[in-house]
2 protein chains.
Amino acid sequence: MDTEAIKQSLDGSGLRCTPQRFAVMAFLMEHNQHPTAAEIFEGVNRLDPRSSRATTYNNLRDLVQAGLVREVAVEGRAARFDAKGMPHHHFICDRCGNVEDIAWYDVPKPSVSALGPRKLRECEIILRGLCRQCASKKVS
Amino acid sequence: MDTEAIKQSLDGSGLRCTPQRFAVMAFLMEHNQHPTAAEIFEGVNRLDPRSSRATTYNNLRDLVQAGLVREVAVEGRAARFDAKGMPHHHFICDRCGNVEDIAWYDVPKPSVSALGPRKLRECEIILRGLCRQCASKKVS
DNA sequence: TACTAGCTTAGATATAGTCTAATTTATTCA
DNA sequence: TGAATAAATTAGACTATATCTAAGCTAGTA
Ligand SMILES: [Mn+2]
Ligand SMILES: [Mn+2]
Ligand SMILES: [Zn+2]
Ligand SMILES: [Zn+2]
């Protein structure tokens with residue numbers, strides 16, 4: 001797990017590398033299962049350093065703003081997070097809400113006329129349906 | 001505004017056409033600005049019939065499940081809804097969270113190998129950036 | 001009519017996330 | 001270095017969003 005790389009990327013984004021902020025990044029890089037803020041908070045506090053709930057949320061907000069972390073909103077559930085590594089798409093399960101990575105493939109952009117005066121920053125594909133586990137379960 | 005069509009589509013989905021449920025559908029068909037549940041609740045209660053908050057949420061849930069309404073989760077904000085009419089994509093503003101329609105264009109599906117045993121239901125494109133209004137405003 | 005399933009309701013409750021004000025930690029620079 | 005300043009952290013109160021509960025109310029059926 002690349003301590004130096006994390007420091008670099010925080011530094012490069014103008015964010016101080018505090019123990020709490022570092023811990024959030026490190027946790028996300030070790031757990032690519034799209035944890036919620038509550039899970040990150042719990043995971044980080046299982047070891048040192050301690051981090052408050054407010055700090056965990058603050059740092060997630062800062063990391064998302066800096067473009068180092070991605071936030072995935074899931075209808076009716078807590079947001080999920082992942083460290084932006086290799087580009088990939090997301091599959092969101094209709095039933096359990098889990099978010100899974102799908103290998104990247106190219107996304108067609110809208111025409112200039114469809115976009116109008118809007119400033120496009122990114123263009124993502126969201127796949128929906130039943131995840132591995134839920135697809136294999138019987139009934140409703 | 002097509003009263004009969006709403007009744008038909010509710011009926012066809014096995015949902016009784018109650019005044020409250022009808023009002024939610026009618027409101028969504030008249031307001032394609034992706035209102036939140038709170039806005040729908042308020043809008044519906046501005047006229048007859050009265051509908052409680054619980055009923056508004058219940059009906060939105062039922063309509064989404066029936067595939068008549070789409071729910072759009074927006075990070076850090078209330079979910080937004082629209083009646084599923086013509087297929088289209090969504091542009092979500094980074095700054096103000098507004099959701100705008102973008103003319104439909106075809107979305108490439110993932111390869112079977114990337115998808116694995118998952119059951120794919122739909123495949124949508126989400127565009128992000130600054131909406132018309134926010135793009136034209138200066139500074140942070 | 002009586003029965004039933006589906007629907008609605010007010011208000012309590014749960015969950016997710018933000019804010020405040022005080023404190024701690026790091027950085028700047030005299 | 002030490003003083004001043006800026007940035008980050010904290011506990012816990014607070015807000016926003018959404019769901020649940022339990023009782024009552026239709027509409028459809030017999
Ligand atoms: Mn991911
Ligand atoms: Mn729409
Ligand atoms: Zn699932
Ligand atoms: Zn905007």
# chains A, B, ... in the order shown; residues from 1 in each chain; ligands from 1
>>> residues_near_ligand(ligand="ligand 3", cutoff="12 Å", atoms="only C-alpha atoms (C1' of nucleotides) and all ligand atoms", output="PyMOL selection string")
(chain A and resi 91-100+128-137) or (chain B and resi 117-120)
>>> residues_around(residues="B:Arg50", least_positions_apart="4", cutoff="9 Å", atoms="only C-alpha atoms (C1' of nucleotides)", output="ChimeraX atom specification")
/B:19-20,44-46
>>> write_last_selection(atoms="C-alpha atoms", output="tab-separated table (two decimals), in the first residue's frame")
chain	number	residue	atom	x	y	z
B	19	PRO	CA	-57.02	10.40	-6.31
B	20	GLN	CA	-53.71	10.76	-4.49
B	44	VAL	CA	-50.23	18.13	-4.98
B	45	ASN	CA	-51.63	19.66	-1.82
B	46	ARG	CA	-51.94	23.07	-3.38
>>> closest_atom_pairs(of="chain B", to="ligand 2", cutoff="12 Å", atoms="only C-alpha atoms and all ligand atoms", output="CSV")
residue,atom,partner,partner_atom_place_in_ligand_line,distance
B:Leu28,CA,ligand 2,1 (Mn),10.3
B:Met29,CA,ligand 2,1 (Mn),10.8
B:His31,CA,ligand 2,1 (Mn),10.2
B:Asn32,CA,ligand 2,1 (Mn),6.7
B:Gln33,CA,ligand 2,1 (Mn),7.4
B:His34,CA,ligand 2,1 (Mn),6.3
B:Pro35,CA,ligand 2,1 (Mn),10.0
B:Val69,CA,ligand 2,1 (Mn),9.7
B:Arg70,CA,ligand 2,1 (Mn),7.8
B:Glu71,CA,ligand 2,1 (Mn),9.1
B:Val72,CA,ligand 2,1 (Mn),8.5
B:Ala73,CA,ligand 2,1 (Mn),12.0
B:Arg80,CA,ligand 2,1 (Mn),9.1
B:Phe81,CA,ligand 2,1 (Mn),7.6
B:Asp82,CA,ligand 2,1 (Mn),5.4
B:Ala83,CA,ligand 2,1 (Mn),7.5
B:Lys84,CA,ligand 2,1 (Mn),7.6
B:Gly85,CA,ligand 2,1 (Mn),8.5
B:Met86,CA,ligand 2,1 (Mn),9.0
B:Pro87,CA,ligand 2,1 (Mn),8.3
B:His88,CA,ligand 2,1 (Mn),6.6
B:His89,CA,ligand 2,1 (Mn),6.9
B:His90,CA,ligand 2,1 (Mn),6.1
B:Phe91,CA,ligand 2,1 (Mn),8.8
B:Ile92,CA,ligand 2,1 (Mn),10.4
B:Asn98,CA,ligand 2,1 (Mn),10.7
B:Val99,CA,ligand 2,1 (Mn),7.2
B:Glu100,CA,ligand 2,1 (Mn),6.3
B:Asp101,CA,ligand 2,1 (Mn),4.8
B:Ile102,CA,ligand 2,1 (Mn),7.9
B:Ala103,CA,ligand 2,1 (Mn),9.7
B:Trp104,CA,ligand 2,1 (Mn),10.5
B:Glu124,CA,ligand 2,1 (Mn),11.7
B:Ile125,CA,ligand 2,1 (Mn),11.8
B:Ile126,CA,ligand 2,1 (Mn),11.0
>>> atom_distance(atom1="atom CA of A:Ala79", atom2="atom CA of A:Ala5")
25.6 Å
>>> select_by_dssp(residues="chain B", states="helix (DSSP H, G or I)", output="ChimeraX atom specification")
/B:3-12,19-30,37-46,53-65,112-115,132-136
>>> decode(residues="stretch 104-120 of chain A", atoms="all heavy atoms", output="compact mmCIF listing (two decimals), in the first residue's frame")
# COMPACT_ATOMS: atom_id res chain seq x y z
N TRP A 104 -13.83 -0.71 -17.66
CA TRP A 104 -14.06 0.50 -18.44
C TRP A 104 -14.30 0.19 -19.91
O TRP A 104 -13.66 -0.69 -20.48
CB TRP A 104 -12.86 1.43 -18.33
CG TRP A 104 -12.94 2.57 -19.28
CD1 TRP A 104 -12.34 2.69 -20.50
CD2 TRP A 104 -13.70 3.77 -19.08
NE1 TRP A 104 -12.68 3.88 -21.08
CE2 TRP A 104 -13.51 4.57 -20.24
CE3 TRP A 104 -14.51 4.24 -18.05
CZ2 TRP A 104 -14.11 5.80 -20.38
CZ3 TRP A 104 -15.11 5.47 -18.21
CH2 TRP A 104 -14.91 6.24 -19.36
N TYR A 105 -15.23 0.91 -20.51
CA TYR A 105 -15.32 0.96 -21.98
C TYR A 105 -15.78 2.35 -22.33
O TYR A 105 -16.33 3.08 -21.50
CB TYR A 105 -16.24 -0.12 -22.54
CG TYR A 105 -17.66 -0.10 -22.04
CD1 TYR A 105 -18.64 0.58 -22.76
CD2 TYR A 105 -18.02 -0.76 -20.88
CE1 TYR A 105 -19.95 0.60 -22.30
CE2 TYR A 105 -19.34 -0.75 -20.43
CZ TYR A 105 -20.29 -0.07 -21.15
OH TYR A 105 -21.59 -0.05 -20.70
N ASP A 106 -15.57 2.72 -23.54
CA ASP A 106 -15.73 4.11 -23.92
C ASP A 106 -17.19 4.57 -23.88
O ASP A 106 -18.09 3.83 -24.23
CB ASP A 106 -15.16 4.32 -25.32
CG ASP A 106 -14.70 5.75 -25.48
OD1 ASP A 106 -14.10 6.28 -24.53
OD2 ASP A 106 -14.97 6.34 -26.54
N VAL A 107 -17.39 5.81 -23.44
CA VAL A 107 -18.72 6.39 -23.31
C VAL A 107 -18.90 7.46 -24.39
O VAL A 107 -18.12 8.40 -24.45
CB VAL A 107 -18.90 7.06 -21.94
CG1 VAL A 107 -20.33 7.53 -21.77
CG2 VAL A 107 -18.50 6.12 -20.83
N PRO A 108 -19.92 7.34 -25.22
CA PRO A 108 -20.15 8.39 -26.22
C PRO A 108 -20.63 9.67 -25.56
O PRO A 108 -21.45 9.64 -24.64
CB PRO A 108 -21.25 7.79 -27.10
CG PRO A 108 -21.93 6.80 -26.25
CD PRO A 108 -20.91 6.26 -25.28
N LYS A 109 -20.10 10.79 -25.99
CA LYS A 109 -20.51 12.07 -25.43
C LYS A 109 -21.70 12.62 -26.19
O LYS A 109 -21.92 12.26 -27.35
CB LYS A 109 -19.34 13.06 -25.54
CG LYS A 109 -18.14 12.65 -24.70
CD LYS A 109 -17.18 13.79 -24.54
CE LYS A 109 -15.90 13.34 -23.83
NZ LYS A 109 -16.06 12.18 -22.94
N PRO A 110 -22.45 13.50 -25.54
CA PRO A 110 -23.61 14.09 -26.23
C PRO A 110 -23.13 15.05 -27.31
O PRO A 110 -22.02 15.57 -27.23
CB PRO A 110 -24.34 14.83 -25.11
CG PRO A 110 -23.27 15.14 -24.11
CD PRO A 110 -22.31 14.01 -24.17
N SER A 111 -24.01 15.32 -28.25
CA SER A 111 -23.67 16.30 -29.28
C SER A 111 -23.60 17.68 -28.65
O SER A 111 -24.21 17.95 -27.62
CB SER A 111 -24.75 16.29 -30.36
OG SER A 111 -25.95 16.80 -29.82
N VAL A 112 -22.87 18.55 -29.29
CA VAL A 112 -22.75 19.93 -28.80
C VAL A 112 -24.12 20.57 -28.72
O VAL A 112 -24.43 21.30 -27.79
CB VAL A 112 -21.82 20.73 -29.73
CG1 VAL A 112 -21.85 22.20 -29.34
CG2 VAL A 112 -20.40 20.19 -29.65
N SER A 113 -24.97 20.27 -29.70
CA SER A 113 -26.29 20.91 -29.70
C SER A 113 -27.14 20.41 -28.55
O SER A 113 -27.89 21.16 -27.94
CB SER A 113 -26.99 20.66 -31.03
OG SER A 113 -27.29 19.28 -31.18
N ALA A 114 -27.01 19.13 -28.20
CA ALA A 114 -27.78 18.60 -27.07
C ALA A 114 -27.29 19.21 -25.76
O ALA A 114 -28.05 19.42 -24.82
CB ALA A 114 -27.68 17.09 -27.02
N LEU A 115 -26.00 19.47 -25.71
CA LEU A 115 -25.39 19.96 -24.47
C LEU A 115 -25.67 21.44 -24.25
O LEU A 115 -25.82 21.90 -23.12
CB LEU A 115 -23.88 19.72 -24.54
CG LEU A 115 -23.14 19.72 -23.23
CD1 LEU A 115 -23.73 18.67 -22.29
CD2 LEU A 115 -21.68 19.43 -23.49
N GLY A 116 -25.76 22.19 -25.33
CA GLY A 116 -26.02 23.62 -25.22
C GLY A 116 -24.89 24.32 -24.49
O GLY A 116 -23.73 23.94 -24.64
N PRO A 117 -25.21 25.30 -23.66
CA PRO A 117 -24.18 26.11 -23.01
C PRO A 117 -23.63 25.46 -21.74
O PRO A 117 -22.84 26.08 -21.03
CB PRO A 117 -24.93 27.40 -22.68
CG PRO A 117 -26.34 26.96 -22.46
CD PRO A 117 -26.57 25.76 -23.35
N ARG A 118 -24.05 24.27 -21.45
CA ARG A 118 -23.56 23.61 -20.23
C ARG A 118 -22.08 23.26 -20.36
O ARG A 118 -21.59 23.00 -21.46
CB ARG A 118 -24.36 22.33 -19.98
CG ARG A 118 -25.78 22.59 -19.52
CD ARG A 118 -26.59 21.32 -19.45
NE ARG A 118 -27.15 21.04 -20.76
CZ ARG A 118 -28.45 21.07 -21.04
NH1 ARG A 118 -29.33 21.30 -20.09
NH2 ARG A 118 -28.88 20.84 -22.27
N LYS A 119 -21.40 23.22 -19.23
CA LYS A 119 -19.99 22.83 -19.20
C LYS A 119 -19.90 21.37 -18.76
O LYS A 119 -20.16 21.06 -17.59
CB LYS A 119 -19.21 23.68 -18.17
CG LYS A 119 -19.13 25.15 -18.50
CD LYS A 119 -18.05 25.44 -19.52
CE LYS A 119 -17.88 26.94 -19.72
NZ LYS A 119 -17.60 27.30 -21.13
N LEU A 120 -19.52 20.50 -19.65
CA LEU A 120 -19.45 19.08 -19.32
C LEU A 120 -18.15 18.75 -18.60
O LEU A 120 -17.07 19.10 -19.05
CB LEU A 120 -19.54 18.26 -20.61
CG LEU A 120 -19.64 16.75 -20.43
CD1 LEU A 120 -20.93 16.37 -19.72
CD2 LEU A 120 -19.58 16.05 -21.78
